[in-house]
>>> print(open('structure27.txt').read())   # compact mmCIF, C-alpha atoms
# COMPACT_ATOMS: atom_id res chain seq x y z
CA MET Z 17 -27.40 -13.63 -18.05
CA ARG Z 18 -28.85 -17.08 -18.02
CA ALA Z 19 -29.81 -18.55 -14.69
CA PRO Z 20 -27.22 -21.20 -13.88
CA VAL Z 21 -28.45 -24.75 -13.62
CA ARG Z 22 -27.73 -26.07 -10.16
CA SER Z 23 -25.31 -28.97 -10.13
CA PRO Z 24 -26.30 -32.17 -8.37
CA PRO Z 25 -24.86 -32.44 -4.87
CA GLY Z 26 -21.19 -33.27 -4.94
CA ARG Z 27 -20.69 -32.19 -8.57
CA GLY Z 28 -19.20 -29.02 -9.92
CA ALA Z 29 -16.81 -26.69 -8.10
CA GLY Z 30 -19.32 -25.76 -5.40
CA GLY Z 31 -20.28 -29.41 -4.87
CA HIS Z 32 -16.64 -30.51 -4.51
CA HIS Z 33 -16.01 -27.79 -1.94
CA GLN Z 34 -19.04 -28.87 0.08
CA VAL Z 35 -17.93 -32.50 -0.01
CA LEU Z 36 -14.38 -31.63 1.10
CA PHE Z 37 -15.68 -29.44 3.89
CA ALA Z 38 -18.01 -32.19 5.11
CA LEU Z 39 -15.13 -34.69 5.07
CA ALA Z 40 -12.96 -32.26 7.05
CA GLU Z 41 -15.66 -32.01 9.71
CA CYS Z 42 -15.70 -35.80 10.02
CA VAL Z 43 -11.94 -36.13 10.56
CA PRO Z 44 -11.90 -35.53 14.37
CA PHE Z 45 -14.65 -38.09 14.97
CA ALA Z 46 -13.01 -40.55 12.58
CA ILE Z 47 -9.80 -40.26 14.62
CA ALA Z 48 -11.72 -40.87 17.84
CA LEU Z 49 -13.31 -43.97 16.28
CA LEU Z 50 -9.91 -45.19 15.11
CA VAL Z 51 -8.50 -44.78 18.62
CA LEU Z 52 -11.45 -46.70 20.06
CA LEU Z 53 -10.92 -49.56 17.62
CA ILE Z 54 -7.22 -49.72 18.38
CA GLU Z 55 -7.69 -49.67 22.15
CA LEU Z 56 -10.39 -52.36 22.10
CA THR Z 57 -8.36 -54.78 19.99
CA PRO Z 58 -5.02 -56.50 20.43
CA ALA Z 59 -3.50 -53.51 18.63
CA HIS Z 60 -3.87 -51.43 21.83
CA VAL Z 61 -0.12 -51.66 22.31
CA VAL Z 62 0.02 -48.63 19.93
CA TYR Z 63 0.16 -45.35 21.90
CA THR Z 64 -2.93 -43.40 20.84
CA GLY Z 65 -2.87 -40.53 23.34
CA PRO Z 66 -1.58 -37.84 20.94
CA LEU Z 67 -4.17 -38.79 18.33
CA LEU Z 68 -7.04 -38.33 20.78
CA VAL Z 69 -5.65 -35.07 22.15
CA ALA Z 70 -5.54 -33.65 18.61
CA THR Z 71 -9.26 -34.09 17.92
CA PRO Z 72 -10.47 -30.82 19.55
CA ALA Z 73 -7.79 -28.84 17.74
CA LEU Z 74 -8.83 -30.33 14.39
CA ALA Z 75 -12.49 -29.64 15.14
CA ALA Z 76 -11.73 -25.99 15.92
CA VAL Z 77 -10.45 -25.49 12.36
CA THR Z 78 -13.73 -26.33 10.60
CA MET Z 79 -16.54 -26.71 13.15
CA GLY Z 80 -16.47 -23.67 15.42
CA PRO Z 81 -17.00 -23.60 19.20
CA GLY Z 82 -19.93 -26.05 19.23
CA GLY Z 83 -18.09 -28.62 17.15
CA THR Z 84 -14.98 -28.19 19.27
CA LEU Z 85 -16.91 -28.98 22.45
CA ALA Z 86 -18.54 -31.97 20.76
CA ALA Z 87 -15.16 -33.34 19.63
CA ALA Z 88 -13.72 -32.78 23.12
CA GLY Z 89 -16.67 -34.61 24.65
CA VAL Z 90 -16.21 -37.55 22.31
CA ALA Z 91 -12.48 -37.64 23.08
CA VAL Z 92 -13.16 -37.70 26.82
CA ALA Z 93 -15.73 -40.47 26.41
CA VAL Z 94 -13.29 -42.55 24.37
CA SER Z 95 -10.53 -41.95 26.92
CA VAL Z 96 -12.75 -43.06 29.82
CA THR Z 97 -13.94 -46.11 27.89
CA THR Z 98 -10.50 -47.27 26.84
CA ALA Z 99 -8.94 -46.62 30.25
CA THR Z 100 -11.66 -48.67 31.92
CA TYR Z 101 -11.50 -51.46 29.33
CA ASN Z 102 -7.70 -51.76 29.58
CA GLY Z 103 -7.59 -51.29 33.39
CA ALA Z 104 -5.29 -48.34 33.03
CA TRP Z 105 -6.70 -46.23 35.87
CA GLY Z 106 -4.06 -45.29 38.42
CA GLY Z 107 -1.28 -44.98 35.87
CA GLN Z 108 0.44 -41.64 35.34
CA GLN Z 109 -0.01 -41.82 31.57
CA VAL Z 110 -3.81 -41.78 31.79
CA TYR Z 111 -3.92 -38.62 33.89
CA THR Z 112 -1.29 -36.99 31.71
CA ASN Z 113 -3.46 -37.67 28.65
CA PHE Z 114 -6.51 -36.23 30.40
CA LEU Z 115 -4.60 -33.09 31.38
CA ALA Z 116 -3.30 -32.63 27.84
CA LEU Z 117 -6.80 -33.23 26.43
CA PHE Z 118 -8.26 -30.62 28.80
CA LEU Z 119 -5.64 -28.00 27.95
CA VAL Z 120 -5.92 -28.54 24.18
CA SER Z 121 -9.72 -28.52 24.35
CA ALA Z 122 -9.79 -25.25 26.31
CA ALA Z 123 -7.30 -23.60 23.98
CA SER Z 124 -9.14 -24.83 20.89
CA PHE Z 125 -12.50 -23.60 22.20
CA ILE Z 126 -11.13 -20.15 23.02
CA THR Z 127 -9.43 -19.95 19.62
CA SER Z 128 -12.54 -21.03 17.72
CA ARG Z 129 -14.63 -18.44 19.59
CA ALA Z 130 -12.14 -15.70 18.73
CA VAL Z 131 -12.00 -16.74 15.07
CA ARG Z 132 -15.78 -16.82 14.79
CA THR Z 133 -16.11 -13.41 16.44
CA ARG Z 134 -13.54 -11.95 14.04
CA ARG Z 135 -15.24 -13.50 11.01
CA GLU Z 136 -18.65 -12.21 12.09
CA SER Z 137 -17.18 -8.73 12.55
CA GLU Z 138 -15.60 -8.84 9.09
CA LEU Z 139 -18.84 -10.11 7.54
CA ASN Z 140 -20.85 -7.34 9.20
CA GLN Z 141 -18.39 -4.79 7.88
CA ILE Z 142 -18.66 -6.23 4.37
CA ARG Z 143 -22.44 -6.10 4.61
CA ARG Z 144 -22.36 -2.46 5.69
CA ILE Z 145 -20.13 -1.65 2.73
CA ALA Z 146 -22.48 -3.58 0.43
CA VAL Z 147 -25.49 -1.66 1.73
CA ALA Z 148 -23.70 1.64 1.15
CA ALA Z 149 -22.73 0.54 -2.36
CA GLN Z 150 -26.31 -0.50 -3.06
CA GLU Z 151 -27.62 2.91 -2.03
CA VAL Z 152 -25.31 4.50 -4.60
CA LEU Z 153 -25.51 1.95 -7.39
CA LEU Z 154 -29.04 0.55 -7.04
CA ARG Z 155 -31.01 3.23 -5.26
CA PRO Z 156 -34.79 2.75 -5.13
CA VAL Z 157 -36.63 4.61 -7.86
CA PRO Z 158 -38.76 7.61 -6.77
CA ALA Z 159 -42.38 6.80 -6.00
CA ARG Z 160 -43.59 9.57 -8.31
CA LEU Z 161 -42.03 10.46 -11.64
CA GLY Z 162 -44.05 12.94 -13.67
CA PRO Z 163 -47.07 11.14 -15.15
CA VAL Z 164 -46.31 7.78 -13.50
CA ARG Z 165 -45.97 6.06 -10.17
CA ALA Z 166 -43.00 3.72 -9.88
CA ALA Z 167 -41.47 1.17 -7.54
CA SER Z 168 -38.43 -1.09 -7.72
CA MET Z 169 -37.13 -4.31 -6.18
CA TYR Z 170 -33.80 -6.11 -6.16
CA LEU Z 171 -33.18 -9.64 -4.91
CA ALA Z 172 -29.67 -11.08 -4.84
CA ALA Z 173 -29.36 -14.79 -5.49
CA GLU Z 174 -26.14 -15.19 -3.49
CA THR Z 175 -26.67 -15.60 0.24
CA GLY Z 176 -25.58 -12.49 2.10
CA ALA Z 177 -25.09 -10.45 -1.07
CA GLN Z 178 -26.68 -7.02 -1.52
CA ILE Z 179 -25.76 -6.24 -5.12
CA GLY Z 180 -24.82 -8.24 -8.16
CA GLY Z 181 -24.88 -8.01 -11.94
CA ASP Z 182 -28.46 -6.76 -12.42
CA LEU Z 183 -29.10 -3.03 -12.80
CA TYR Z 184 -32.01 -0.62 -12.99
CA ASP Z 185 -32.85 3.06 -12.68
CA ALA Z 186 -35.63 5.53 -13.48
CA VAL Z 187 -35.05 9.26 -13.94
CA GLN Z 188 -37.36 12.16 -14.72
CA THR Z 189 -35.88 14.39 -17.44
CA ARG Z 190 -37.02 17.19 -19.73
CA TYR Z 191 -37.65 14.51 -22.38
CA GLY Z 192 -39.90 12.47 -20.12
CA VAL Z 193 -39.39 9.62 -17.67
CA ARG Z 194 -36.45 7.48 -18.76
CA MET Z 195 -35.75 4.01 -17.39
CA ILE Z 196 -33.19 1.28 -17.78
CA VAL Z 197 -33.03 -2.34 -16.70
CA GLY Z 198 -30.12 -4.61 -17.52
CA ASP Z 199 -28.32 -7.83 -16.74
CA VAL Z 200 -24.55 -8.28 -16.85
CA ARG Z 201 -23.14 -11.56 -18.09
CA GLY Z 202 -21.18 -13.11 -15.25
CA LYS Z 203 -21.09 -12.63 -11.50
CA GLY Z 204 -18.93 -11.22 -8.76
CA LEU Z 205 -17.05 -7.93 -8.68
CA PRO Z 206 -16.51 -7.74 -12.48
CA ALA Z 207 -20.29 -7.87 -12.94
CA VAL Z 208 -20.80 -5.15 -10.32
CA ARG Z 209 -18.20 -3.01 -12.08
CA ALA Z 210 -19.92 -3.42 -15.47
CA ALA Z 211 -23.28 -2.56 -13.91
CA ALA Z 212 -21.80 0.58 -12.37
CA VAL Z 213 -20.30 1.62 -15.73
CA VAL Z 214 -23.59 1.21 -17.60
CA LEU Z 215 -25.63 2.95 -14.90
CA GLY Z 216 -23.16 5.84 -14.72
CA ALA Z 217 -23.34 6.34 -18.47
CA PHE Z 218 -27.13 6.15 -18.45
CA ARG Z 219 -27.51 8.66 -15.62
CA GLU Z 220 -25.31 11.10 -17.49
CA ALA Z 221 -26.75 10.68 -20.98
CA VAL Z 222 -30.46 10.83 -20.11
CA HIS Z 223 -30.26 14.52 -19.26
CA TYR Z 224 -28.61 15.85 -22.43
CA GLU Z 225 -29.33 13.31 -25.22
CA ASP Z 226 -32.72 14.00 -26.78
CA ASP Z 227 -32.63 10.76 -28.81
CA LEU Z 228 -33.18 7.56 -26.83
CA VAL Z 229 -30.95 5.70 -29.30
CA GLU Z 230 -28.04 7.94 -28.34
CA VAL Z 231 -28.68 7.22 -24.67
CA ILE Z 232 -28.19 3.48 -25.06
CA ASN Z 233 -25.31 4.01 -27.51
CA HIS Z 234 -23.65 6.07 -24.79
CA CYS Z 235 -24.02 3.13 -22.39
CA GLY Z 236 -22.51 0.73 -24.90
CA ALA Z 237 -19.57 3.04 -25.60
CA ALA Z 238 -18.85 3.40 -21.89
CA LEU Z 239 -18.87 -0.39 -21.49
CA ARG Z 240 -16.42 -0.83 -24.38
CA ARG Z 241 -14.10 1.84 -22.99
CA ASP Z 242 -14.07 0.14 -19.62
CA ALA Z 243 -13.35 -3.21 -21.30
CA VAL Z 244 -10.29 -1.70 -22.96
CA VAL Z 245 -9.10 -0.27 -19.64
CA MET Z 246 -9.51 -3.68 -18.00
CA GLY Z 247 -7.51 -5.39 -20.74
CA ALA Z 248 -10.56 -6.82 -22.52
CA GLY Z 249 -10.15 -4.84 -25.72
CA ALA Z 250 -9.83 -6.27 -29.20
CA ASN Z 251 -6.02 -6.01 -29.39
CA GLY Z 252 -4.68 -9.34 -28.20
CA ALA Z 253 -7.08 -9.68 -25.31
CA ASP Z 254 -8.07 -13.04 -23.93
CA ASP Z 255 -11.21 -14.39 -25.63
CA SER Z 256 -12.93 -15.14 -22.32
CA LEU Z 257 -12.58 -11.49 -21.30
CA ARG Z 258 -14.00 -10.28 -24.61
CA GLU Z 259 -17.24 -12.20 -24.04
CA ALA Z 260 -18.47 -9.73 -21.40
CA PHE Z 261 -21.77 -8.10 -22.38
CA VAL Z 262 -24.89 -6.56 -20.85
CA THR Z 263 -28.45 -7.19 -21.95
CA ALA Z 264 -30.28 -3.91 -21.50
CA LEU Z 265 -33.57 -2.20 -22.17
CA VAL Z 266 -34.20 1.54 -22.05
CA ALA Z 267 -37.67 3.05 -22.06
CA GLN Z 268 -39.07 6.55 -22.24
CA ILE Z 269 -42.49 7.77 -21.13
CA PRO Z 270 -43.26 11.25 -22.49
CA ASP Z 271 -46.16 13.40 -21.33
CA GLY Z 272 -48.52 11.81 -23.83
CA PRO Z 273 -50.00 8.28 -23.62
CA ALA Z 274 -47.04 6.62 -25.32
CA LEU Z 275 -44.07 4.43 -24.51
CA GLU Z 276 -40.77 4.25 -26.39
CA VAL Z 277 -38.53 1.23 -25.95
CA ILE Z 278 -35.12 0.12 -27.20
CA ASN Z 279 -34.30 -3.50 -26.46
CA ARG Z 280 -30.72 -4.76 -26.61
CA GLY Z 281 -31.11 -8.50 -26.11
CA HIS Z 282 -33.17 -8.18 -22.92
CA PRO Z 283 -36.45 -9.93 -21.96
CA PRO Z 284 -39.31 -7.81 -23.33
CA PRO Z 285 -41.32 -5.67 -20.90
CA LEU Z 286 -44.86 -6.66 -19.98
CA LEU Z 287 -47.84 -4.33 -20.37
CA LEU Z 288 -50.97 -4.89 -18.28
CA ARG Z 289 -54.14 -3.33 -19.69
CA ASP Z 290 -57.70 -4.14 -18.61
CA GLY Z 291 -56.58 -7.37 -16.93
CA THR Z 292 -54.68 -8.63 -19.98
CA VAL Z 293 -50.89 -8.93 -20.12
CA ARG Z 294 -49.04 -8.35 -23.37
CA SER Z 295 -45.35 -8.84 -24.08
CA LEU Z 296 -43.81 -5.87 -25.94
CA MET Z 297 -41.61 -7.68 -28.42
CA PRO Z 298 -39.09 -5.56 -30.35
CA ALA Z 299 -39.54 -5.02 -34.08
CA VAL Z 300 -35.81 -5.53 -34.65
CA HIS Z 301 -33.75 -7.88 -32.49
CA LEU Z 302 -30.50 -6.21 -31.46
CA PRO Z 303 -27.50 -7.77 -29.65
CA PRO Z 304 -26.61 -6.84 -26.05
CA LEU Z 305 -24.31 -3.97 -25.14
CA GLY Z 306 -20.72 -4.92 -25.80
CA LEU Z 307 -21.59 -7.02 -28.86
CA GLU Z 308 -22.16 -4.17 -31.31
CA GLU Z 309 -19.98 -5.88 -33.92
CA PHE Z 310 -22.86 -8.29 -34.49
CA ILE Z 311 -25.23 -5.52 -35.62
CA SER Z 312 -25.77 -5.91 -39.37
CA GLY Z 313 -27.35 -3.08 -41.29
CA PRO Z 314 -29.03 -0.06 -39.70
CA PRO Z 315 -28.98 -0.25 -35.89
CA GLY Z 316 -32.73 0.39 -35.71
CA GLY Z 317 -34.66 2.97 -33.75
CA THR Z 318 -37.17 2.94 -30.96
CA ASP Z 319 -40.33 0.83 -30.77
CA THR Z 320 -43.37 2.87 -29.82
CA TYR Z 321 -46.39 1.51 -27.95
CA SER Z 322 -49.55 2.92 -26.46
CA PHE Z 323 -49.28 3.53 -22.72
CA ALA Z 324 -52.58 4.96 -21.61
CA PRO Z 325 -53.73 6.06 -18.15
CA GLY Z 326 -54.44 2.99 -16.01
CA ASP Z 327 -51.88 0.83 -17.82
CA ARG Z 328 -49.12 -0.92 -15.91
CA LEU Z 329 -45.61 -1.57 -17.25
CA LEU Z 330 -43.18 -4.12 -15.83
CA LEU Z 331 -39.44 -4.11 -16.58
CA TYR Z 332 -37.50 -7.08 -15.21
CA THR Z 333 -34.43 -9.26 -15.58
CA ASP Z 334 -34.42 -12.92 -16.57
CA GLY Z 335 -33.92 -13.99 -12.97
CA VAL Z 336 -37.71 -13.64 -12.68
CA ILE Z 337 -38.92 -15.60 -15.70
CA GLU Z 338 -36.17 -18.23 -15.41
CA ALA Z 339 -36.73 -18.90 -11.71
CA ARG Z 340 -37.31 -22.63 -11.48
CA ASP Z 341 -39.33 -24.70 -9.11
CA GLY Z 342 -37.29 -26.29 -6.36
CA GLN Z 343 -38.68 -29.74 -7.21
CA ASP Z 344 -39.19 -29.51 -10.97
CA ALA Z 345 -36.32 -27.97 -12.95
CA TYR Z 346 -38.62 -27.30 -15.91
CA ALA Z 347 -41.31 -25.34 -14.06
CA PHE Z 348 -40.51 -21.66 -14.67
CA PHE Z 349 -42.13 -18.82 -12.76
CA ASP Z 350 -45.30 -17.52 -14.43
CA LEU Z 351 -44.73 -13.76 -14.44
CA PRO Z 352 -47.70 -12.85 -16.71
CA GLY Z 353 -49.92 -14.95 -14.47
CA ALA Z 354 -48.63 -13.13 -11.40
CA MET Z 355 -49.31 -9.76 -13.03
CA THR Z 356 -52.85 -10.79 -13.86
CA ALA Z 357 -53.52 -12.23 -10.41
CA MET Z 358 -52.27 -9.08 -8.66
CA CYS Z 359 -53.59 -6.53 -11.13
CA ASP Z 360 -55.45 -4.64 -8.38
CA HIS Z 361 -52.41 -4.41 -6.09
CA SER Z 362 -50.51 -1.16 -5.73
CA GLY Z 363 -46.96 -1.06 -7.04
CA GLN Z 364 -45.30 -1.82 -3.70
CA ALA Z 365 -47.89 -4.45 -2.80
CA PHE Z 366 -47.35 -6.10 -6.17
CA LEU Z 367 -43.58 -6.22 -5.67
CA GLU Z 368 -43.99 -7.72 -2.21
CA GLY Z 369 -46.36 -10.33 -3.63
CA LEU Z 370 -43.90 -11.00 -6.45
CA ARG Z 371 -41.05 -11.43 -3.97
CA GLN Z 372 -43.05 -13.90 -1.90
CA GLY Z 373 -44.17 -15.74 -5.02
CA LEU Z 374 -40.60 -16.10 -6.31
CA LEU Z 375 -39.26 -17.34 -2.98
CA HIS Z 376 -42.15 -19.79 -2.65
CA HIS Z 377 -41.68 -21.02 -6.22
CA THR Z 378 -37.93 -21.57 -5.80
CA ARG Z 379 -38.18 -22.85 -2.21
CA GLY Z 380 -36.20 -19.80 -1.11
CA CYS Z 381 -33.27 -20.59 -3.40
CA LEU Z 382 -32.98 -18.14 -6.30
CA ALA Z 383 -30.57 -19.21 -9.01
CA ASP Z 384 -30.09 -15.72 -10.44
CA ASP Z 385 -30.41 -12.11 -9.28
CA VAL Z 386 -33.73 -10.35 -9.76
CA ALA Z 387 -34.34 -6.69 -10.63
CA VAL Z 388 -37.81 -5.28 -11.28
CA ILE Z 389 -39.31 -1.87 -12.00
CA ILE Z 390 -43.09 -1.44 -12.02
CA VAL Z 391 -44.65 1.69 -13.51
CA ASP Z 392 -48.31 2.76 -13.38
CA ARG Z 393 -49.55 5.43 -15.82
CA LEU Z 394 -51.67 7.95 -13.93
CA GLU Z 395 -54.91 9.45 -15.08
CA ASP Z 396 -54.39 12.68 -17.01
CA GLY Z 397 -54.78 15.77 -14.92
CA THR Z 398 -55.86 13.97 -11.74
CA GLY Z 399 -52.69 12.25 -10.61
CA VAL Z 400 -54.70 9.15 -9.76
CA GLY Z 401 -54.60 5.89 -11.66
CA ARG Z 402 -56.49 2.65 -11.42
CA HIS Z 403 -53.62 0.80 -9.70
>>> encode(input="structure27.txt", output="structure tokens")
Amino acid sequence: MRAPVRSPPGRGAGGHHQVLFALAECVPFAIALLVLLIELTPAHVVYTGPLLVATPALAAVTMGPGGTLAAAGVAVAVSVTTATYNGAWGGQQVYTNFLALFLVSAASFITSRAVRTRRESELNQIRRIAVAAQEVLLRPVPARLGPVRAASMYLAAETGAQIGGDLYDAVQTRYGVRMIVGDVRGKGLPAVRAAAVVLGAFREAVHYEDDLVEVINHCGAALRRDAVVMGAGANGADDSLREAFVTALVAQIPDGPALEVINRGHPPPLLLRDGTVRSLMPAVHLPPLGLEEFISGPPGGTDTYSFAPGDRLLLYTDGVIEARDGQDAYAFFDLPGAMTAMCDHSGQAFLEGLRQGLLHHTRGCLADDVAVIIVDRLEDGTGVGRH
């Protein structure tokens, strides 16, 4: 999934919503200004009391308790100013307007407090559900898996989100340590569903399929079955629904100093050895899961690499390498440089440094989700590696 380019302020769907919301917040104060202009000009013969009384109620809709009090304060100030300017003190209408303004302001404040409390309660409940879902779907990988030490990290780009369209897992099996990292095209609940389908298929297949190719084929088949169930099959389905796919990479670390990888359209893993980072490019470029119809000829097998004791392997999603500088849209995050700079860090310390580096690079505003697995090959027979 490509990191979305942020639209300039005020453009795109998100920009239009922000502009409309900002305009809505200005409405109560614009009404107060309009009333002031009317009352201080010959047009003051127009009765403006109801307009001014309505400002706290309008503020309560979009601005919360603080904005409601601010709008009420402005309305009172305008009322005092206009009554003094027009010499209206002592008339019944002025005091009636003040009483109405007080009652509406009090009711609006109480209502806005209740609405905010309810929204915060609902948001906290959603967050608790998201945390529970994350523990099931994106559980942290075990710290020790056979001949390797491992650690994982997930960062959601959307504020308040816990899970998204990125996926990862690492499992110790009788065939060795098997891992997956993937990225679902799209966002929202459909992306979470696709991630769950692929992870479920992977966690099932890794324990009984001896061939790594069959493991990833199992994931692809599960994704296609789910697409048919959701109405995204080939028979008359909408083209936009048929474009769903998942870039994925599966890897296997047997007992020996080797690494087997199958890459289905995913960013290649990075291998750190003796302070030098190498990208493990696939011998045959294969399409992502869900786009098997684009495979021409033999599907290809696994790519095998040396993975000796002391080596470090990094699996990641494109949210890392496509993270852009907050000031320069063309400055991407230097992941190989980060691996080299933190080559002596432990797995968890490296991930924490990577998290801080990404947030610093993007000014705390990630454009895409981030999933990372780091694996250190231990020394044979000792259980201790260089990292």
>>> atom_distance(input="structure27.txt", atom1="CA of Leu288 (chain Z)", atom2="CA of Leu161 (chain Z)")
19.0 Å
>>> residues_around(input="structure27.txt", residues="Gln372 (chain Z)", least_positions_apart="6", cutoff="12 Å", atoms="only C-alpha atoms", output="ChimeraX atom specification")
/Z:171,349,354,365-366,378-382
>>> closest_residue(input="structure27.txt", among="Z:Leu39, Z:Ala238, Z:Asp290, Z:Ile232", to="Val213 (chain Z)", atoms="all atoms listed in the file")
Z:Ala238
>>> residues_around(input="structure27.txt", residues="Ala217 (chain Z)", least_positions_apart="5", cutoff="9 Å", atoms="all atoms listed in the file", output="list in words")
Ala212, Val222, Val231, Ile232, His234, Cys235, Gly236, Ala237, Ala238 and Leu239 of chain Z
>>> atom_distance(input="structure27.txt", atom1="CA of Pro285 (chain Z)", atom2="CA of Ala166 (chain Z)")
14.6 Å
>>> closest_residue(input="structure27.txt", among="Z:Ser121, Z:Gly369, Z:Val90, Z:Gln188", to="Arg165 (chain Z)", atoms="all atoms listed in the file")
Z:Gln188
>>> residues_around(input="structure27.txt", residues="region 111-113 of chain Z", least_positions_apart="4", cutoff="10 Å", atoms="only C-alpha atoms", output="ChimeraX atom specification")
/Z:64-66,68-69,92,95,104-107,117-119
>>> write_last_selection(input="structure27.txt", atoms="C-alpha atoms", output="PDB file, keeping the file's coordinate frame")
ATOM      1  CA  THR Z  64      -2.930 -43.400  20.840  1.00  0.00           C
ATOM      2  CA  GLY Z  65      -2.870 -40.530  23.340  1.00  0.00           C
ATOM      3  CA  PRO Z  66      -1.580 -37.840  20.940  1.00  0.00           C
ATOM      4  CA  LEU Z  68      -7.040 -38.330  20.780  1.00  0.00           C
ATOM      5  CA  VAL Z  69      -5.650 -35.070  22.150  1.00  0.00           C
ATOM      6  CA  VAL Z  92     -13.160 -37.700  26.820  1.00  0.00           C
ATOM      7  CA  SER Z  95     -10.530 -41.950  26.920  1.00  0.00           C
ATOM      8  CA  ALA Z 104      -5.290 -48.340  33.030  1.00  0.00           C
ATOM      9  CA  TRP Z 105      -6.700 -46.230  35.870  1.00  0.00           C
ATOM     10  CA  GLY Z 106      -4.060 -45.290  38.420  1.00  0.00           C
ATOM     11  CA  GLY Z 107      -1.280 -44.980  35.870  1.00  0.00           C
ATOM     12  CA  LEU Z 117      -6.800 -33.230  26.430  1.00  0.00           C
ATOM     13  CA  PHE Z 118      -8.260 -30.620  28.800  1.00  0.00           C
ATOM     14  CA  LEU Z 119      -5.640 -28.000  27.950  1.00  0.00           C
TER      15      LEU Z 119
END
>>> residues_around(input="structure27.txt", residues="Tyr101 (chain Z)", least_positions_apart="2", cutoff="12 Å", atoms="all atoms listed in the file", output="PyMOL selection string")
chain Z and resi 52-57+60+94-99+103-105
>>> residues_around(input="structure27.txt", residues="Thr318 (chain Z)", least_positions_apart="4", cutoff="9 Å", atoms="all atoms listed in the file", output="JSON, numbers by chain")
{"Z": [228, 229, 267, 276, 277, 278, 279, 298, 299]}
>>> atom_distance(input="structure27.txt", atom1="CA of Ala93 (chain Z)", atom2="CA of Ala130 (chain Z)")
26.2 Å
>>> closest_residue(input="structure27.txt", among="Z:Met355, Z:Ile311, Z:Ala274, Z:Val386", to="Val293 (chain Z)", atoms="all atoms listed in the file")
Z:Met355
>>> closest_residue(input="structure27.txt", among="Z:Cys359, Z:Ala76, Z:Leu265, Z:Leu139", to="Leu183 (chain Z)", atoms="only C-alpha atoms")
Z:Leu265
>>> closest_residue(input="structure27.txt", among="Z:Arg194, Z:Arg241, Z:Arg328, Z:His301", to="Phe218 (chain Z)", atoms="only C-alpha atoms")
Z:Arg194
